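Raw contents of upload.txt, compact mmCIF, C-alpha atoms:
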# COMPACT_ATOMS: atom_id res chain seq x y z
CA MET A 22 -5.22 -22.32 8.60
CA GLU A 23 -6.15 -25.90 7.79
CA ASN A 24 -9.22 -26.31 5.57
CA LYS A 25 -9.87 -29.95 6.39
CA ILE A 26 -8.95 -32.47 9.03
CA LYS A 27 -5.79 -34.38 8.15
CA TRP A 28 -6.71 -37.83 9.37
CA GLU A 29 -4.10 -40.41 10.15
CA THR A 30 -5.08 -43.93 9.19
CA ASP A 31 -2.63 -45.99 11.24
CA LEU A 32 -2.66 -46.22 15.05
CA ASP A 33 1.08 -46.58 15.48
CA ALA A 34 1.74 -43.55 13.29
CA ALA A 35 -0.87 -41.55 15.20
CA LEU A 36 0.64 -42.50 18.56
CA ALA A 37 4.12 -41.58 17.34
CA LEU A 38 2.80 -38.14 16.37
CA ALA A 39 0.92 -37.88 19.66
CA GLN A 40 4.08 -38.52 21.63
CA ALA A 41 6.14 -36.15 19.50
CA GLU A 42 3.58 -33.33 19.79
CA ASN A 43 2.32 -34.25 23.30
CA LYS A 44 -1.28 -34.35 22.13
CA PRO A 45 -4.05 -36.87 22.71
CA VAL A 46 -5.43 -38.95 19.83
CA LEU A 47 -8.98 -38.61 18.53
CA LEU A 48 -9.87 -42.06 17.20
CA ASP A 49 -12.96 -42.06 14.97
CA PHE A 50 -14.53 -45.35 13.96
CA PHE A 51 -16.69 -44.45 10.98
CA ASN A 52 -19.05 -46.09 8.54
CA PRO A 53 -18.71 -44.68 5.01
CA GLY A 54 -22.10 -46.09 3.97
CA MET B 8 -20.01 -36.37 10.98
CA ASP B 9 -18.23 -36.17 7.61
CA ALA B 10 -21.10 -34.15 6.09
CA VAL B 11 -21.77 -31.67 8.88
CA THR B 12 -19.35 -31.64 11.78
CA TYR B 13 -15.91 -32.38 10.38
CA PRO B 14 -16.09 -29.72 7.61
CA ASN B 15 -16.89 -27.06 10.23
CA GLN B 16 -13.99 -24.59 10.42
CA GLU B 17 -14.03 -24.34 14.21
CA VAL B 18 -13.90 -28.12 14.45
CA ILE B 19 -11.04 -28.30 11.94
CA SER B 20 -9.07 -25.67 13.83
CA PHE B 21 -9.73 -27.23 17.23
CA ILE B 22 -8.69 -30.72 16.18
CA SER B 23 -5.67 -29.50 14.22
CA GLU B 24 -4.40 -27.49 17.18
CA ASN B 25 -5.17 -29.89 20.01
CA MET B 26 -5.31 -33.49 18.87
CA ILE B 27 -3.93 -36.11 16.50
CA PRO B 28 -6.91 -37.25 14.40
CA LEU B 29 -7.08 -40.92 13.45
CA GLN B 30 -9.96 -42.29 11.38
CA VAL B 31 -10.54 -45.98 10.69
CA LEU B 32 -13.39 -48.06 9.32
CA PHE B 33 -15.76 -49.35 11.98
CA ASP B 34 -14.79 -52.94 11.21
CA ALA B 35 -11.04 -52.40 10.85
CA GLN B 36 -9.20 -55.11 12.73
CA PRO B 37 -7.71 -55.44 15.26
CA LEU B 38 -8.87 -52.00 16.41
CA SER B 39 -12.61 -52.60 16.11
CA THR B 40 -12.50 -55.68 18.32
CA GLY B 41 -9.85 -54.22 20.58
CA PHE B 42 -12.02 -51.16 21.30
CA ASN B 43 -15.27 -53.18 21.28
CA VAL B 44 -16.90 -50.99 18.63
CA LYS B 45 -20.57 -51.84 18.08
CA TRP B 46 -22.01 -48.71 16.49
CA THR B 47 -20.91 -45.65 14.57
CA PRO B 48 -19.75 -43.04 14.91
CA THR B 49 -17.70 -44.10 17.91
CA LEU B 50 -15.21 -41.44 19.00
CA VAL B 51 -12.49 -42.35 21.48
CA THR B 52 -9.94 -40.08 23.15
CA LEU B 53 -6.60 -41.81 23.70
CA ASP B 54 -3.56 -40.60 25.60
CA THR B 55 -0.09 -40.70 24.06
CA ASP B 56 0.28 -44.34 25.14
CA GLY B 57 -2.94 -45.36 23.39
CA LYS B 58 -5.00 -45.72 26.56
CA GLU B 59 -8.70 -44.83 26.31
CA HIS B 60 -10.06 -42.03 28.53
CA HIS B 61 -13.31 -40.92 26.91
CA ARG B 62 -15.83 -42.29 24.43
CA THR B 63 -18.96 -41.09 22.69
CA VAL B 64 -21.29 -43.01 20.41
CA GLY B 65 -23.57 -41.24 17.95
CA PHE B 66 -23.62 -38.01 15.98
CA LEU B 67 -22.32 -34.83 17.58
CA ALA B 68 -22.91 -31.40 16.04
CA PRO B 69 -19.94 -28.99 16.00
CA GLU B 70 -21.19 -27.16 19.09
CA GLU B 71 -21.24 -30.49 20.97
CA LEU B 72 -18.13 -32.13 19.52
CA ILE B 73 -15.67 -29.46 20.66
CA PRO B 74 -16.78 -29.51 24.33
CA SER B 75 -16.89 -33.31 24.23
CA LEU B 76 -13.28 -33.36 23.02
CA LEU B 77 -12.29 -30.87 25.71
CA LEU B 78 -13.88 -33.15 28.27
CA GLY B 79 -11.99 -36.10 26.83
CA MET B 80 -8.71 -34.22 27.03
CA ALA B 81 -9.50 -33.21 30.62
CA LYS B 82 -10.30 -36.80 31.57
CA SER B 83 -7.07 -37.95 29.97
CA TYR B 84 -5.13 -35.52 32.18
CA PHE B 85 -7.25 -36.25 35.26
CA GLU B 86 -6.77 -39.98 35.00
CA THR B 87 -3.01 -39.51 34.81
CA ASP B 88 -2.97 -37.20 37.87
CA ARG B 89 -2.25 -34.05 35.82
CA PHE B 90 -4.91 -32.06 37.59
CA ASN B 91 -3.79 -28.57 36.60
CA GLU B 92 -3.80 -29.48 32.90
CA ALA B 93 -7.20 -31.08 33.34
CA LEU B 94 -8.48 -27.89 34.95
CA VAL B 95 -7.28 -25.76 32.03
CA ASN B 96 -9.44 -27.80 29.64
CA LEU B 97 -12.41 -27.88 32.01
CA GLU B 98 -12.33 -24.11 32.48
CA ARG B 99 -12.17 -23.68 28.72
CA LEU B 100 -15.16 -25.98 28.29
CA LEU B 101 -17.23 -24.30 30.98
CA GLY B 102 -16.27 -20.82 29.81
CA LYS B 103 -17.00 -21.31 26.11
CA HIS B 104 -19.57 -24.11 26.07
CA PRO B 105 -21.69 -23.82 29.24
CA LYS B 106 -24.85 -24.99 27.46
CA SER B 107 -23.29 -28.09 25.93
CA GLY B 108 -24.13 -31.62 26.94
CA SER B 109 -20.62 -32.01 28.39
CA ALA B 110 -20.84 -29.03 30.74
CA ALA B 111 -22.41 -30.70 33.77
CA GLU B 112 -19.87 -33.53 33.80
CA ALA B 113 -17.11 -30.95 33.38
CA LEU B 114 -18.39 -29.03 36.39
CA TYR B 115 -18.40 -32.21 38.46
CA LEU B 116 -14.91 -33.16 37.31
CA ARG B 117 -13.63 -29.64 38.01
CA GLY B 118 -14.71 -30.01 41.61
CA VAL B 119 -12.97 -33.36 41.87
CA CYS B 120 -9.77 -32.01 40.27
CA ARG B 121 -9.71 -29.08 42.66
CA TYR B 122 -10.20 -31.43 45.59
CA LYS B 123 -7.53 -33.85 44.40
CA SER B 124 -5.00 -31.05 43.90
CA THR B 125 -5.65 -29.36 47.29
CA ASN B 126 -7.23 -31.99 49.60
CA ASP B 127 -9.76 -29.28 50.47
CA PRO B 128 -13.31 -30.71 50.20
CA LYS B 129 -14.86 -27.28 49.69
CA PRO B 130 -14.70 -27.50 45.85
CA LEU B 131 -16.78 -30.68 45.96
CA LYS B 132 -19.57 -28.93 47.84
CA GLU B 133 -19.29 -25.95 45.48
CA ALA B 134 -19.59 -28.30 42.52
CA TYR B 135 -22.79 -29.78 43.92
CA GLU B 136 -24.26 -26.35 44.61
CA GLN B 137 -23.47 -25.07 41.12
CA LEU B 138 -24.75 -28.25 39.50
CA ALA B 139 -27.99 -27.98 41.45
CA ALA B 140 -28.36 -24.35 40.42
CA ASP B 141 -27.29 -24.50 36.78
CA TYR B 142 -27.93 -28.11 35.70
CA PRO B 143 -30.71 -29.31 38.01
CA SER B 144 -31.88 -32.09 35.68
CA SER B 145 -28.39 -33.46 35.07
CA GLU B 146 -27.40 -36.90 36.32
CA TRP B 147 -24.27 -35.21 37.70
CA VAL B 148 -26.35 -33.46 40.35
CA LYS B 149 -27.29 -36.89 41.65
CA ARG B 150 -23.69 -38.08 41.59
CA ALA B 151 -22.58 -34.99 43.52
CA TYR B 152 -25.48 -35.18 45.99
CA PRO B 153 -23.42 -36.52 48.94
CA TYR B 154 -21.07 -33.53 48.65
CA ARG B 155 -23.80 -31.18 49.91
CA LEU B 156 -22.96 -32.40 53.41
CA LEU B 157 -19.26 -31.49 53.29

Represent the supplied structure as structure tokens.
Amino acid sequence: MENKIKWETDLDAALALAQAENKPVLLDFFNPG
Amino acid sequence: MDAVTYPNQEVISFISENMIPLQVLFDAQPLSTGFNVKWTPTLVTLDTDGKEHHRTVGFLAPEELIPSLLLGMAKSYFETDRFNEALVNLERLLGKHPKSGSAAEALYLRGVCRYKSTNDPKPLKEAYEQLAADYPSSEWVKRAYPYRLL
């Protein structure tokens, strides 16, 4: 079981994974401040 | 989100099993401009081609994030004419998260999916009746109002 979310940081890499795993992408625009 | 919602174990499991998570700074270019991001957190559900199907702005607690993501997945399938896959996610949302802020829209969309996959208008009327009964103050009752006449 994962103990944290493994965020991708690059859209193209995320879309490649999405296509390989046939899953949608959750894109989170965040503000660290 | 990073302090409360994302460390939640149910959220971690849901996202790990069902989605590819991508996190970028709110001002990261060209994505910020491309997605017209004006406030954070902005959460967008994309299909495998990168097309947007669902968006929320503002904090979501774990009990609201998971149904919101289910709704986003359902809308992604619905908008690509994959009605049965949309229905699987909508049933899951309505079964496990009936009190969430996404439930009324899910009920509306379930009626539309059932109609689109059968051409039988009865599910639209059923959606209105259930919305009126279970979510009477929801905006989705108003959107389904014409279906009462079917």

Residue nearest Lys44 of chain A - candidates B:Ala81, B:Leu32, B:Ile73, B:Ile19, atoms counted: all atoms listed in the file: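 Answer, going by the shortest atom-to-atom distance: B:Ala81.
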
Cut-off 6 Å around (-16.5, -31.4, 43.9) with only C-alpha atoms: residues as a list in words: Tyr115, Gly118, Val119, Pro130, Leu131, Lys132 and Ala134 of chain B

For atom CA of Pro28 of chain B and atom CA of Thr87 of chain B, the interatomic separation in Å (one decimal):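 Atom CA of Pro28 of chain B sits 20.9 Å away from atom CA of Thr87 of chain B.
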
Given only C-alpha atoms, how would the per-residue table for chain B near chain A read, listing every residue at most 8 Å away with its closest atom pair and distance in Å to one decimal, sorted by chain and number, as a tab-separated table?
residue	atom	partner	partner_atom	distance
B:Tyr13	CA	A:Ile26	CA	7.1
B:Pro14	CA	A:Lys25	CA	6.3
B:Gln16	CA	A:Asn24	CA	7.0
B:Ile19	CA	A:Ile26	CA	5.5
B:Ser20	CA	A:Glu23	CA	6.7
B:Ile22	CA	A:Ile26	CA	7.4
B:Ser23	CA	A:Ile26	CA	6.8
B:Asn25	CA	A:Lys44	CA	6.3
B:Met26	CA	A:Lys44	CA	5.3
B:Ile27	CA	A:Val46	CA	4.6
B:Pro28	CA	A:Leu47	CA	4.8
B:Leu29	CA	A:Glu29	CA	4.5
B:Gln30	CA	A:Asp49	CA	4.7
B:Val31	CA	A:Phe50	CA	5.2
B:Leu32	CA	A:Phe51	CA	5.2
B:Phe33	CA	A:Phe50	CA	4.6
B:Ser39	CA	A:Phe50	CA	7.8
B:Val44	CA	A:Phe50	CA	7.7
B:Thr47	CA	A:Phe51	CA	5.7
B:Pro48	CA	A:Phe51	CA	5.2
B:Thr49	CA	A:Phe50	CA	5.2
B:Leu50	CA	A:Asp49	CA	4.7
B:Val51	CA	A:Leu48	CA	5.0
B:Thr52	CA	A:Leu47	CA	4.9
B:Leu53	CA	A:Val46	CA	5.0
B:Asp54	CA	A:Pro45	CA	4.7
B:Thr55	CA	A:Gln40	CA	5.3
B:Asp56	CA	A:Leu36	CA	6.8
B:Gly57	CA	A:Leu36	CA	6.7
B:Met80	CA	A:Pro45	CA	6.9
B:Ser83	CA	A:Pro45	CA	7.9

How would the residues just chosen look if you wrote them out with C-alpha atoms as a CSV table (one decimal), keeping the file's coordinate frame?
chain,number,residue,atom,x,y,z
B,13,TYR,CA,-15.9,-32.4,10.4
B,14,PRO,CA,-16.1,-29.7,7.6
B,16,GLN,CA,-14.0,-24.6,10.4
B,19,ILE,CA,-11.0,-28.3,11.9
B,20,SER,CA,-9.1,-25.7,13.8
B,22,ILE,CA,-8.7,-30.7,16.2
B,23,SER,CA,-5.7,-29.5,14.2
B,25,ASN,CA,-5.2,-29.9,20.0
B,26,MET,CA,-5.3,-33.5,18.9
B,27,ILE,CA,-3.9,-36.1,16.5
B,28,PRO,CA,-6.9,-37.2,14.4
B,29,LEU,CA,-7.1,-40.9,13.4
B,30,GLN,CA,-10.0,-42.3,11.4
B,31,VAL,CA,-10.5,-46.0,10.7
B,32,LEU,CA,-13.4,-48.1,9.3
B,33,PHE,CA,-15.8,-49.4,12.0
B,39,SER,CA,-12.6,-52.6,16.1
B,44,VAL,CA,-16.9,-51.0,18.6
B,47,THR,CA,-20.9,-45.6,14.6
B,48,PRO,CA,-19.8,-43.0,14.9
B,49,THR,CA,-17.7,-44.1,17.9
B,50,LEU,CA,-15.2,-41.4,19.0
B,51,VAL,CA,-12.5,-42.4,21.5
B,52,THR,CA,-9.9,-40.1,23.2
B,53,LEU,CA,-6.6,-41.8,23.7
B,54,ASP,CA,-3.6,-40.6,25.6
B,55,THR,CA,-0.1,-40.7,24.1
B,56,ASP,CA,0.3,-44.3,25.1
B,57,GLY,CA,-2.9,-45.4,23.4
B,80,MET,CA,-8.7,-34.2,27.0
B,83,SER,CA,-7.1,-38.0,30.0

Polymer residues at most 12 Å from Glu146 of chain B, all atoms listed in the file, same-chain spacing of 6 or more positions, as a list in words: Gly108, Ser109, Ala110, Ala111, Glu112, Leu114, Tyr115, Tyr135, Leu138, Ala139 and Tyr152 of chain B

Å distance separating atom CA of Lys123 of chain B from atom CA of Glu24 of chain B, one decimal place: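 Computing it gives 28.1 Å between the two atoms.
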
Once 3 Å is added on each side, what are the centre and the three edge lengths, in Å to one decimal, of the axis-aligned box enclosing the listed atoms of segment 13-24 of chain B? Present them as lines of an AutoDock Vina configuration file.
center_x = -10.6
center_y = -28.4
center_z = 12.4
size_x = 18.5
size_y = 14.0
size_z = 15.6

Atomic separation - atom CA of Pro74 of chain B relative to atom CA of Ala151 of chain B, Å: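 Between these atoms lies a distance of 20.8 Å.
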
Counting only C-alpha atoms, the option among B:Ala113, B:Tyr84, B:Arg99, B:Arg121 closest to Lys58 of chain B: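 Once distances to Lys58 of chain B are computed over only C-alpha atoms, the minimum belongs to B:Tyr84.
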
Option closest in space to Leu157 of chain B, from B:Asp127, B:Glu92, B:Glu17, B:Asp141 [counting only C-alpha atoms]: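 Closest to Leu157 of chain B of all the choices is B:Asp127.
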
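Residue nearest Lys106 of chain B within the list B:Glu70, B:Glu59, B:Thr125, B:Val18: B:Glu70 [criterion: smallest interatomic distance, all atoms listed in the file].
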